Amino acid sequence: NGRGRPSSLGVGLATAALASSPEYERTLSDVAASLVPRFAAACAVHFIGEHGLQQIASAGDESLIADARPIIDTAASGAAVVDQRLIALPLRAGGRIFGTIAFASANALQSFDADDRSFAVQLADYVALAVDHARLFRDLQQASRLKDEFLATLSHELRTPLNAVLGWTRMLRRGTVPAERRDAVLDTIERNAAAQMQLVEELLDLSAMVAGGLRLTVTRVDLRDLLGGAVETIRPAADARSLHVSLTIDPDLRLKVLEALDVLERTVKIRTAFP
């Protein structure tokens with residue numbers, strides 16, 4: 001039929017670019033463009049998403065693939081749809097179908113033959129493998145970013161109670177704490193040391209959660225204690241700068257917190273309804 005097929009080297013370079021780049025959607029467009037018009041008059045790649053099939057890349061005359069039924073059938077059943085004018089193949093990775101790739105010819109004079117179909121099957125396998133590798137690469141990058149964020153948060157959370165312990169301890173050594181406040185300062189040091197111990201225990205709980213052995217104990221928390229502890233954490237730094245920090249807790253604190261949560265919930269709903 002006189003159709004020219006991209007060389008194996010060209011296909012290999014394209015799929016290698018797919019596997020090495022997390023932005024595989026853009027690279028897929030380049031792959032589709034390289035196949036039109038040498039191999040097909042139109043090429044389209046679809047992925048299965050939360051809302052059904054989503055077109056990821058295309059090239060050529062999309063009207064030739066306007067009938068979505070063969071592509072939907074291929075995505076649903078995993079069976080290839082092959083005739084002289086259309087080839088629709090599933091994209092598989094890890095034993096599951098995650099998308100399709102389809103090729104269309106412009107007319108009967110440029111119909112697909114057996115060699116064309118064999119080439120399309122081989123290309124679909126290459127693309128599926130390359131996309132799977134690219135997704136794994138993207139997931140690894142995301143995991144690395146999450147790990148960095150977790151470590152940054154953890155270091156901050158560990159440093160906060162340590163700052164309070166060290167600050168008050170140094171002030172006690174220098175004798176700058178009035179005698180009437182020594183007991184309160186010792187309580188603050190103990191509370192922050194306990195807070196750091198709690199962080200360590202939470203890390204152990206995280207490890208147990210990953211292993212599937214975590215147990216949750218639900219208890220009531222007094223918001224006044226939480227706010228008072230937060231103020232005492234920064235008090236050493238404030239005292240060192242001759243700043244006076246005081247905390248007044250409204251007796252209706254619980255009601256106001258509930259009202260604030262209600263406002264927040266309604267705000268989120270409104271923002272969701274009107275993005």
# chains A, B, ... in the order shown; residues from 1 in each chain; ligands from 1

call {"tool": "select_by_dssp", "arguments": {"residues": "region 180-222 of chain A", "states": "helix (DSSP H, G or I)", "output": "number ranges by chain"}}
result
A: 180-210

call {"tool": "write_last_selection", "arguments": {"atoms": "N, CA, C and O atoms", "output": "compact mmCIF listing (two decimals), in the first residue's frame"}}
result
# COMPACT_ATOMS: atom_id res chain seq x y z
N GLU A 180 9.43 33.08 92.53
CA GLU A 180 8.01 32.72 92.53
C GLU A 180 7.57 32.06 91.21
O GLU A 180 6.48 31.48 91.13
N ARG A 181 8.43 32.16 90.17
CA ARG A 181 8.07 31.58 88.88
C ARG A 181 8.82 30.29 88.59
O ARG A 181 8.60 29.66 87.55
N ARG A 182 9.70 29.86 89.48
CA ARG A 182 10.53 28.68 89.22
C ARG A 182 9.67 27.44 89.00
O ARG A 182 9.92 26.64 88.09
N ASP A 183 8.65 27.25 89.85
CA ASP A 183 7.81 26.06 89.69
C ASP A 183 7.08 26.07 88.35
O ASP A 183 6.97 25.03 87.68
N ALA A 184 6.58 27.25 87.95
CA ALA A 184 5.88 27.35 86.67
C ALA A 184 6.83 27.06 85.51
O ALA A 184 6.46 26.42 84.53
N VAL A 185 8.09 27.56 85.65
CA VAL A 185 9.08 27.31 84.60
C VAL A 185 9.41 25.83 84.50
O VAL A 185 9.51 25.26 83.40
N LEU A 186 9.58 25.19 85.65
CA LEU A 186 9.86 23.75 85.65
C LEU A 186 8.70 22.98 85.03
O LEU A 186 8.91 21.99 84.30
N ASP A 187 7.47 23.42 85.30
CA ASP A 187 6.31 22.78 84.67
C ASP A 187 6.36 22.94 83.15
O ASP A 187 6.04 22.01 82.39
N THR A 188 6.77 24.13 82.70
CA THR A 188 6.87 24.37 81.26
C THR A 188 7.92 23.48 80.63
O THR A 188 7.72 22.91 79.55
N ILE A 189 9.07 23.36 81.30
CA ILE A 189 10.13 22.49 80.78
C ILE A 189 9.64 21.06 80.69
O ILE A 189 9.85 20.36 79.68
N GLU A 190 8.98 20.60 81.75
CA GLU A 190 8.47 19.22 81.75
C GLU A 190 7.44 19.02 80.65
O GLU A 190 7.44 17.99 79.96
N ARG A 191 6.55 20.01 80.46
CA ARG A 191 5.51 19.89 79.45
C ARG A 191 6.10 19.82 78.05
O ARG A 191 5.65 19.03 77.21
N ASN A 192 7.12 20.63 77.79
CA ASN A 192 7.73 20.60 76.46
C ASN A 192 8.55 19.33 76.23
O ASN A 192 8.60 18.82 75.11
N ALA A 193 9.18 18.83 77.28
CA ALA A 193 9.88 17.55 77.16
C ALA A 193 8.88 16.44 76.87
O ALA A 193 9.14 15.54 76.04
N ALA A 194 7.72 16.50 77.55
CA ALA A 194 6.68 15.52 77.29
C ALA A 194 6.15 15.65 75.87
O ALA A 194 5.83 14.65 75.22
N ALA A 195 6.06 16.90 75.38
CA ALA A 195 5.60 17.11 74.00
C ALA A 195 6.56 16.49 73.00
O ALA A 195 6.14 15.90 72.00
N GLN A 196 7.85 16.61 73.29
CA GLN A 196 8.83 16.00 72.39
C GLN A 196 8.74 14.47 72.45
O GLN A 196 8.85 13.80 71.43
N MET A 197 8.52 13.95 73.65
CA MET A 197 8.33 12.51 73.78
C MET A 197 7.10 12.06 72.99
O MET A 197 7.11 11.01 72.35
N GLN A 198 6.05 12.89 73.02
CA GLN A 198 4.84 12.57 72.27
C GLN A 198 5.12 12.53 70.77
O GLN A 198 4.60 11.66 70.05
N LEU A 199 5.96 13.44 70.30
CA LEU A 199 6.31 13.44 68.88
C LEU A 199 7.03 12.15 68.50
O LEU A 199 6.78 11.56 67.45
N VAL A 200 7.94 11.72 69.39
CA VAL A 200 8.66 10.48 69.13
C VAL A 200 7.69 9.31 69.09
O VAL A 200 7.77 8.42 68.23
N GLU A 201 6.74 9.30 70.02
CA GLU A 201 5.74 8.23 70.04
C GLU A 201 4.87 8.27 68.78
O GLU A 201 4.50 7.21 68.26
N GLU A 202 4.58 9.46 68.29
CA GLU A 202 3.80 9.56 67.06
C GLU A 202 4.57 9.02 65.86
O GLU A 202 3.99 8.44 64.94
N LEU A 203 5.88 9.23 65.86
CA LEU A 203 6.69 8.65 64.79
C LEU A 203 6.64 7.13 64.85
O LEU A 203 6.57 6.45 63.81
N LEU A 204 6.69 6.60 66.07
CA LEU A 204 6.57 5.15 66.23
C LEU A 204 5.19 4.67 65.79
O LEU A 204 5.05 3.60 65.18
N ASP A 205 4.15 5.49 66.08
CA ASP A 205 2.80 5.14 65.62
C ASP A 205 2.73 5.14 64.10
O ASP A 205 2.04 4.30 63.51
N LEU A 206 3.43 6.10 63.48
CA LEU A 206 3.45 6.15 62.02
C LEU A 206 4.05 4.88 61.45
O LEU A 206 3.55 4.31 60.47
N SER A 207 5.13 4.42 62.08
CA SER A 207 5.75 3.17 61.64
C SER A 207 4.80 2.00 61.82
O SER A 207 4.69 1.13 60.96
N ALA A 208 4.07 2.01 62.96
CA ALA A 208 3.10 0.94 63.20
C ALA A 208 1.95 1.00 62.20
O ALA A 208 1.43 -0.03 61.76
N MET A 209 1.55 2.22 61.80
CA MET A 209 0.49 2.38 60.83
C MET A 209 0.89 1.78 59.49
O MET A 209 0.10 1.11 58.83
N VAL A 210 2.14 2.03 59.10
CA VAL A 210 2.62 1.47 57.83
C VAL A 210 2.61 -0.06 57.89
O VAL A 210 2.30 -0.74 56.91

call {"tool": "closest_atom_pairs", "arguments": {"of": "region 129-189 of chain A", "to": "region 25-37 of chain A", "cutoff": "12 Å", "atoms": "only C-alpha atoms", "output": "CSV"}}
result
residue,atom,partner,partner_atom,distance
A:Ala130,CA,A:Leu28,CA,10.1
A:Val131,CA,A:Leu28,CA,8.8
A:Ala134,CA,A:Glu25,CA,9.9
A:Arg135,CA,A:Glu25,CA,10.5

call {"tool": "select_by_dssp", "arguments": {"residues": "region 20-136 of chain A", "states": "strand (DSSP E or B)", "output": "ChimeraX atom specification"}}
result
/A:42-49,52-60,81-82,86-93,96-104

call {"tool": "residues_around", "arguments": {"residues": "Arg69 (chain A)", "least_positions_apart": "6", "cutoff": "12 Å", "atoms": "only C-alpha atoms", "output": "MDAnalysis selection string"}}
result
chainID A and resid 53 75:77 81 86 88 102

call {"tool": "closest_residue", "arguments": {"among": "A:Ala104, A:Ile65, A:Leu162, A:Val221", "to": "Asp116 (chain A)", "atoms": "only C-alpha atoms"}}
result
A:Ala104

call {"tool": "closest_residue", "arguments": {"among": "A:Leu247, A:Val165, A:Val218, A:Leu64", "to": "Cys43 (chain A)", "atoms": "only C-alpha atoms"}}
result
A:Leu64

call {"tool": "atom_distance", "arguments": {"atom1": "CA of Ala106 (chain A)", "atom2": "CA of Ala41 (chain A)"}}
result
5.5 Å

call {"tool": "atom_distance", "arguments": {"atom1": "CA of Ala93 (chain A)", "atom2": "CA of Leu129 (chain A)"}}
result
6.6 Å

call {"tool": "atom_distance", "arguments": {"atom1": "CA of Ala57 (chain A)", "atom2": "CA of Ala114 (chain A)"}}
result
25.1 Å

call {"tool": "residues_around", "arguments": {"residues": "Ala240 (chain A)", "least_positions_apart": "2", "cutoff": "12 Å", "atoms": "only C-alpha atoms", "output": "list in words"}}
result
Ala164, Gly167, Trp168, Arg170, Met171, Arg174, Thr176, Val177, Ile234, Arg235, Pro236, Ala237, Ala238, Ser242, Leu243, His244 and Val245 of chain A

call {"tool": "write_last_selection", "arguments": {"atoms": "all heavy atoms", "output": "compact mmCIF listing (two decimals), in the first residue's frame"}}
result
# COMPACT_ATOMS: atom_id res chain seq x y z
N ALA A 164 12.02 25.77 73.83
CA ALA A 164 11.46 26.15 75.12
C ALA A 164 12.27 25.55 76.27
O ALA A 164 12.58 26.23 77.26
CB ALA A 164 10.00 25.69 75.21
N GLY A 167 15.67 27.32 76.35
CA GLY A 167 15.53 28.72 76.76
C GLY A 167 15.30 28.86 78.25
O GLY A 167 15.98 29.65 78.92
N TRP A 168 14.37 28.08 78.78
CA TRP A 168 14.09 28.17 80.21
C TRP A 168 15.26 27.64 81.05
O TRP A 168 15.58 28.19 82.11
CB TRP A 168 12.82 27.39 80.56
CG TRP A 168 11.55 28.10 80.20
CD1 TRP A 168 10.58 27.66 79.35
CD2 TRP A 168 11.11 29.35 80.69
NE1 TRP A 168 9.56 28.57 79.26
CE2 TRP A 168 9.85 29.63 80.09
CE3 TRP A 168 11.64 30.31 81.57
CZ2 TRP A 168 9.13 30.78 80.34
CZ3 TRP A 168 10.91 31.46 81.83
CH2 TRP A 168 9.67 31.70 81.22
N ARG A 170 18.47 27.75 80.35
CA ARG A 170 19.53 28.76 80.37
C ARG A 170 19.16 29.93 81.30
O ARG A 170 20.01 30.47 82.00
CB ARG A 170 19.80 29.26 78.96
CG ARG A 170 20.52 28.22 78.09
CD ARG A 170 20.46 28.57 76.63
NE ARG A 170 21.15 27.57 75.82
CZ ARG A 170 21.04 27.46 74.51
NH1 ARG A 170 20.24 28.31 73.84
NH2 ARG A 170 21.69 26.53 73.84
N MET A 171 17.89 30.31 81.28
CA MET A 171 17.46 31.39 82.17
C MET A 171 17.54 30.96 83.63
O MET A 171 17.92 31.76 84.51
CB MET A 171 16.03 31.81 81.82
CG MET A 171 15.93 32.50 80.45
SD MET A 171 14.24 32.99 80.03
CE MET A 171 14.01 34.34 81.19
N ARG A 174 21.20 31.16 84.64
CA ARG A 174 21.66 32.53 84.83
C ARG A 174 21.01 33.20 86.03
O ARG A 174 21.40 34.30 86.43
CB ARG A 174 21.39 33.36 83.57
CG ARG A 174 22.26 32.97 82.37
CD ARG A 174 22.21 34.05 81.30
NE ARG A 174 20.86 34.21 80.77
CZ ARG A 174 20.41 33.61 79.67
NH1 ARG A 174 21.21 32.79 78.99
NH2 ARG A 174 19.18 33.82 79.24
N THR A 176 17.95 34.35 86.18
CA THR A 176 17.10 35.47 85.77
C THR A 176 15.61 35.19 85.97
O THR A 176 14.78 36.03 85.62
CB THR A 176 17.36 35.81 84.30
OG1 THR A 176 17.15 34.64 83.50
CG2 THR A 176 18.78 36.30 84.10
N VAL A 177 15.28 34.01 86.47
CA VAL A 177 13.87 33.67 86.71
C VAL A 177 13.54 33.97 88.17
O VAL A 177 14.21 33.47 89.09
CB VAL A 177 13.62 32.18 86.41
CG1 VAL A 177 12.15 31.83 86.72
CG2 VAL A 177 13.94 31.86 84.95
N ILE A 234 6.62 29.92 73.61
CA ILE A 234 7.30 31.10 73.10
C ILE A 234 7.65 32.10 74.20
O ILE A 234 8.32 33.10 73.94
CB ILE A 234 6.43 31.82 72.03
CG1 ILE A 234 5.14 32.36 72.68
CG2 ILE A 234 6.11 30.89 70.88
CD1 ILE A 234 4.33 33.25 71.77
N ARG A 235 7.23 31.83 75.44
CA ARG A 235 7.47 32.79 76.51
C ARG A 235 8.96 33.05 76.77
O ARG A 235 9.36 34.18 77.02
CB ARG A 235 6.77 32.37 77.79
CG ARG A 235 6.71 33.47 78.84
CD ARG A 235 6.04 32.98 80.10
NE ARG A 235 4.65 32.65 79.89
CZ ARG A 235 3.67 33.54 79.85
NH1 ARG A 235 3.95 34.83 80.01
NH2 ARG A 235 2.42 33.17 79.67
N PRO A 236 9.86 32.01 76.76
CA PRO A 236 11.29 32.29 77.00
C PRO A 236 11.86 33.31 76.02
O PRO A 236 12.61 34.21 76.42
CB PRO A 236 11.95 30.91 76.83
CG PRO A 236 10.88 29.94 77.11
CD PRO A 236 9.62 30.55 76.61
N ALA A 237 11.52 33.16 74.74
CA ALA A 237 12.02 34.11 73.74
C ALA A 237 11.45 35.50 73.99
O ALA A 237 12.15 36.51 73.83
CB ALA A 237 11.67 33.62 72.34
N ALA A 238 10.19 35.58 74.43
CA ALA A 238 9.58 36.87 74.71
C ALA A 238 10.22 37.52 75.93
O ALA A 238 10.53 38.71 75.93
CB ALA A 238 8.07 36.71 74.92
N SER A 242 12.35 41.12 76.79
CA SER A 242 11.57 42.00 77.68
C SER A 242 10.16 42.26 77.14
O SER A 242 9.63 43.36 77.24
CB SER A 242 12.30 43.34 77.89
OG SER A 242 13.57 43.11 78.48
N LEU A 243 9.59 41.23 76.53
CA LEU A 243 8.23 41.32 76.03
C LEU A 243 7.29 40.58 76.97
O LEU A 243 7.61 39.48 77.44
CB LEU A 243 8.12 40.72 74.62
CG LEU A 243 8.98 41.38 73.53
CD1 LEU A 243 8.87 40.59 72.23
CD2 LEU A 243 8.53 42.82 73.31
N HIS A 244 6.16 41.17 77.25
CA HIS A 244 5.19 40.55 78.15
C HIS A 244 4.12 39.84 77.32
O HIS A 244 3.50 40.45 76.43
CB HIS A 244 4.53 41.61 79.04
CG HIS A 244 3.45 41.04 79.92
ND1 HIS A 244 3.73 40.17 80.95
CD2 HIS A 244 2.10 41.22 79.91
CE1 HIS A 244 2.60 39.83 81.55
NE2 HIS A 244 1.59 40.46 80.94
N VAL A 245 3.95 38.56 77.58
CA VAL A 245 2.95 37.77 76.87
C VAL A 245 1.91 37.30 77.87
O VAL A 245 2.25 36.71 78.90
CB VAL A 245 3.59 36.54 76.18
CG1 VAL A 245 2.53 35.71 75.47
CG2 VAL A 245 4.65 36.99 75.19

call {"tool": "residues_around", "arguments": {"residues": "Ala66 (chain A)", "least_positions_apart": "4", "cutoff": "12 Å", "atoms": "only C-alpha atoms", "output": "JSON, numbers by chain"}}
result
{"A": [42, 43, 44, 55, 58, 61, 62, 70, 71, 72, 86, 102, 103, 104]}

call {"tool": "decode", "arguments": {"residues": "region 141-152 of chain A", "atoms": "all heavy atoms", "output": "tab-separated table (two decimals), in the first residue's frame"}}
result
chain	number	residue	atom	x	y	z
A	141	GLN	N	9.38	10.80	42.22
A	141	GLN	CA	9.65	12.22	42.45
A	141	GLN	C	8.70	12.80	43.49
A	141	GLN	O	9.10	13.56	44.37
A	141	GLN	CB	9.53	13.00	41.14
A	141	GLN	CG	10.69	12.81	40.19
A	141	GLN	CD	10.60	13.74	39.00
A	141	GLN	OE1	9.52	14.00	38.47
A	141	GLN	NE2	11.74	14.27	38.57
A	142	GLN	N	7.41	12.43	43.40
A	142	GLN	CA	6.43	12.91	44.36
A	142	GLN	C	6.74	12.39	45.76
A	142	GLN	O	6.64	13.13	46.76
A	142	GLN	CB	5.03	12.48	43.92
A	142	GLN	CG	3.92	12.84	44.90
A	142	GLN	CD	3.70	14.34	45.02
A	142	GLN	OE1	4.25	15.10	44.23
A	142	GLN	NE2	2.92	14.75	46.00
A	143	ALA	N	7.13	11.11	45.84
A	143	ALA	CA	7.49	10.54	47.14
A	143	ALA	C	8.69	11.25	47.73
A	143	ALA	O	8.75	11.48	48.95
A	143	ALA	CB	7.77	9.04	46.99
A	144	SER	N	9.65	11.60	46.89
A	144	SER	CA	10.83	12.32	47.38
A	144	SER	C	10.46	13.69	47.90
A	144	SER	O	10.96	14.13	48.94
A	144	SER	CB	11.86	12.44	46.24
A	144	SER	OG	13.00	13.15	46.67
A	145	ARG	N	9.55	14.40	47.20
A	145	ARG	CA	9.10	15.71	47.66
A	145	ARG	C	8.35	15.61	48.99
A	145	ARG	O	8.57	16.42	49.90
A	145	ARG	CB	8.20	16.36	46.61
A	145	ARG	CG	8.96	16.96	45.43
A	145	ARG	CD	8.07	17.86	44.61
A	145	ARG	NE	6.98	17.13	44.00
A	145	ARG	CZ	7.02	16.60	42.78
A	145	ARG	NH1	8.12	16.71	42.06
A	145	ARG	NH2	5.99	15.95	42.29
A	146	LEU	N	7.49	14.60	49.10
A	146	LEU	CA	6.75	14.40	50.35
A	146	LEU	C	7.70	14.09	51.50
A	146	LEU	O	7.49	14.54	52.64
A	146	LEU	CB	5.72	13.28	50.18
A	146	LEU	CG	4.54	13.58	49.25
A	146	LEU	CD1	3.67	12.35	49.07
A	146	LEU	CD2	3.72	14.75	49.78
A	147	LYS	N	8.74	13.31	51.21
A	147	LYS	CA	9.71	12.98	52.26
A	147	LYS	C	10.42	14.24	52.73
A	147	LYS	O	10.59	14.45	53.95
A	147	LYS	CB	10.74	11.98	51.72
A	147	LYS	CG	11.81	11.58	52.73
A	147	LYS	CD	13.01	10.96	52.05
A	147	LYS	CE	13.75	12.00	51.24
A	147	LYS	NZ	15.00	11.50	50.62
A	148	ASP	N	10.82	15.09	51.79
A	148	ASP	CA	11.49	16.34	52.16
A	148	ASP	C	10.57	17.23	52.99
A	148	ASP	O	11.00	17.85	53.97
A	148	ASP	CB	11.95	17.08	50.91
A	148	ASP	CG	13.07	16.34	50.18
A	148	ASP	OD1	13.72	15.48	50.81
A	148	ASP	OD2	13.29	16.62	48.98
A	149	GLU	N	9.29	17.32	52.58
A	149	GLU	CA	8.34	18.14	53.34
A	149	GLU	C	8.13	17.57	54.74
A	149	GLU	O	8.03	18.31	55.72
A	149	GLU	CB	7.00	18.20	52.59
A	149	GLU	CG	7.08	18.99	51.28
A	149	GLU	CD	5.78	18.89	50.49
A	149	GLU	OE1	4.81	18.29	51.02
A	149	GLU	OE2	5.74	19.40	49.35
A	150	PHE	N	8.06	16.24	54.83
A	150	PHE	CA	7.87	15.60	56.13
A	150	PHE	C	9.05	15.87	57.04
A	150	PHE	O	8.88	16.21	58.22
A	150	PHE	CB	7.69	14.09	55.94
A	150	PHE	CG	7.71	13.31	57.23
A	150	PHE	CD1	6.62	13.33	58.08
A	150	PHE	CD2	8.82	12.56	57.58
A	150	PHE	CE1	6.64	12.61	59.27
A	150	PHE	CE2	8.85	11.85	58.77
A	150	PHE	CZ	7.75	11.88	59.61
A	151	LEU	N	10.27	15.76	56.51
A	151	LEU	CA	11.46	15.99	57.33
A	151	LEU	C	11.54	17.45	57.77
A	151	LEU	O	11.95	17.74	58.90
A	151	LEU	CB	12.71	15.60	56.55
A	151	LEU	CG	12.90	14.10	56.29
A	151	LEU	CD1	14.13	13.86	55.43
A	151	LEU	CD2	13.01	13.34	57.61
A	152	ALA	N	11.15	18.37	56.88
A	152	ALA	CA	11.16	19.79	57.25
A	152	ALA	C	10.16	20.06	58.38
A	152	ALA	O	10.46	20.77	59.35
A	152	ALA	CB	10.84	20.65	56.04
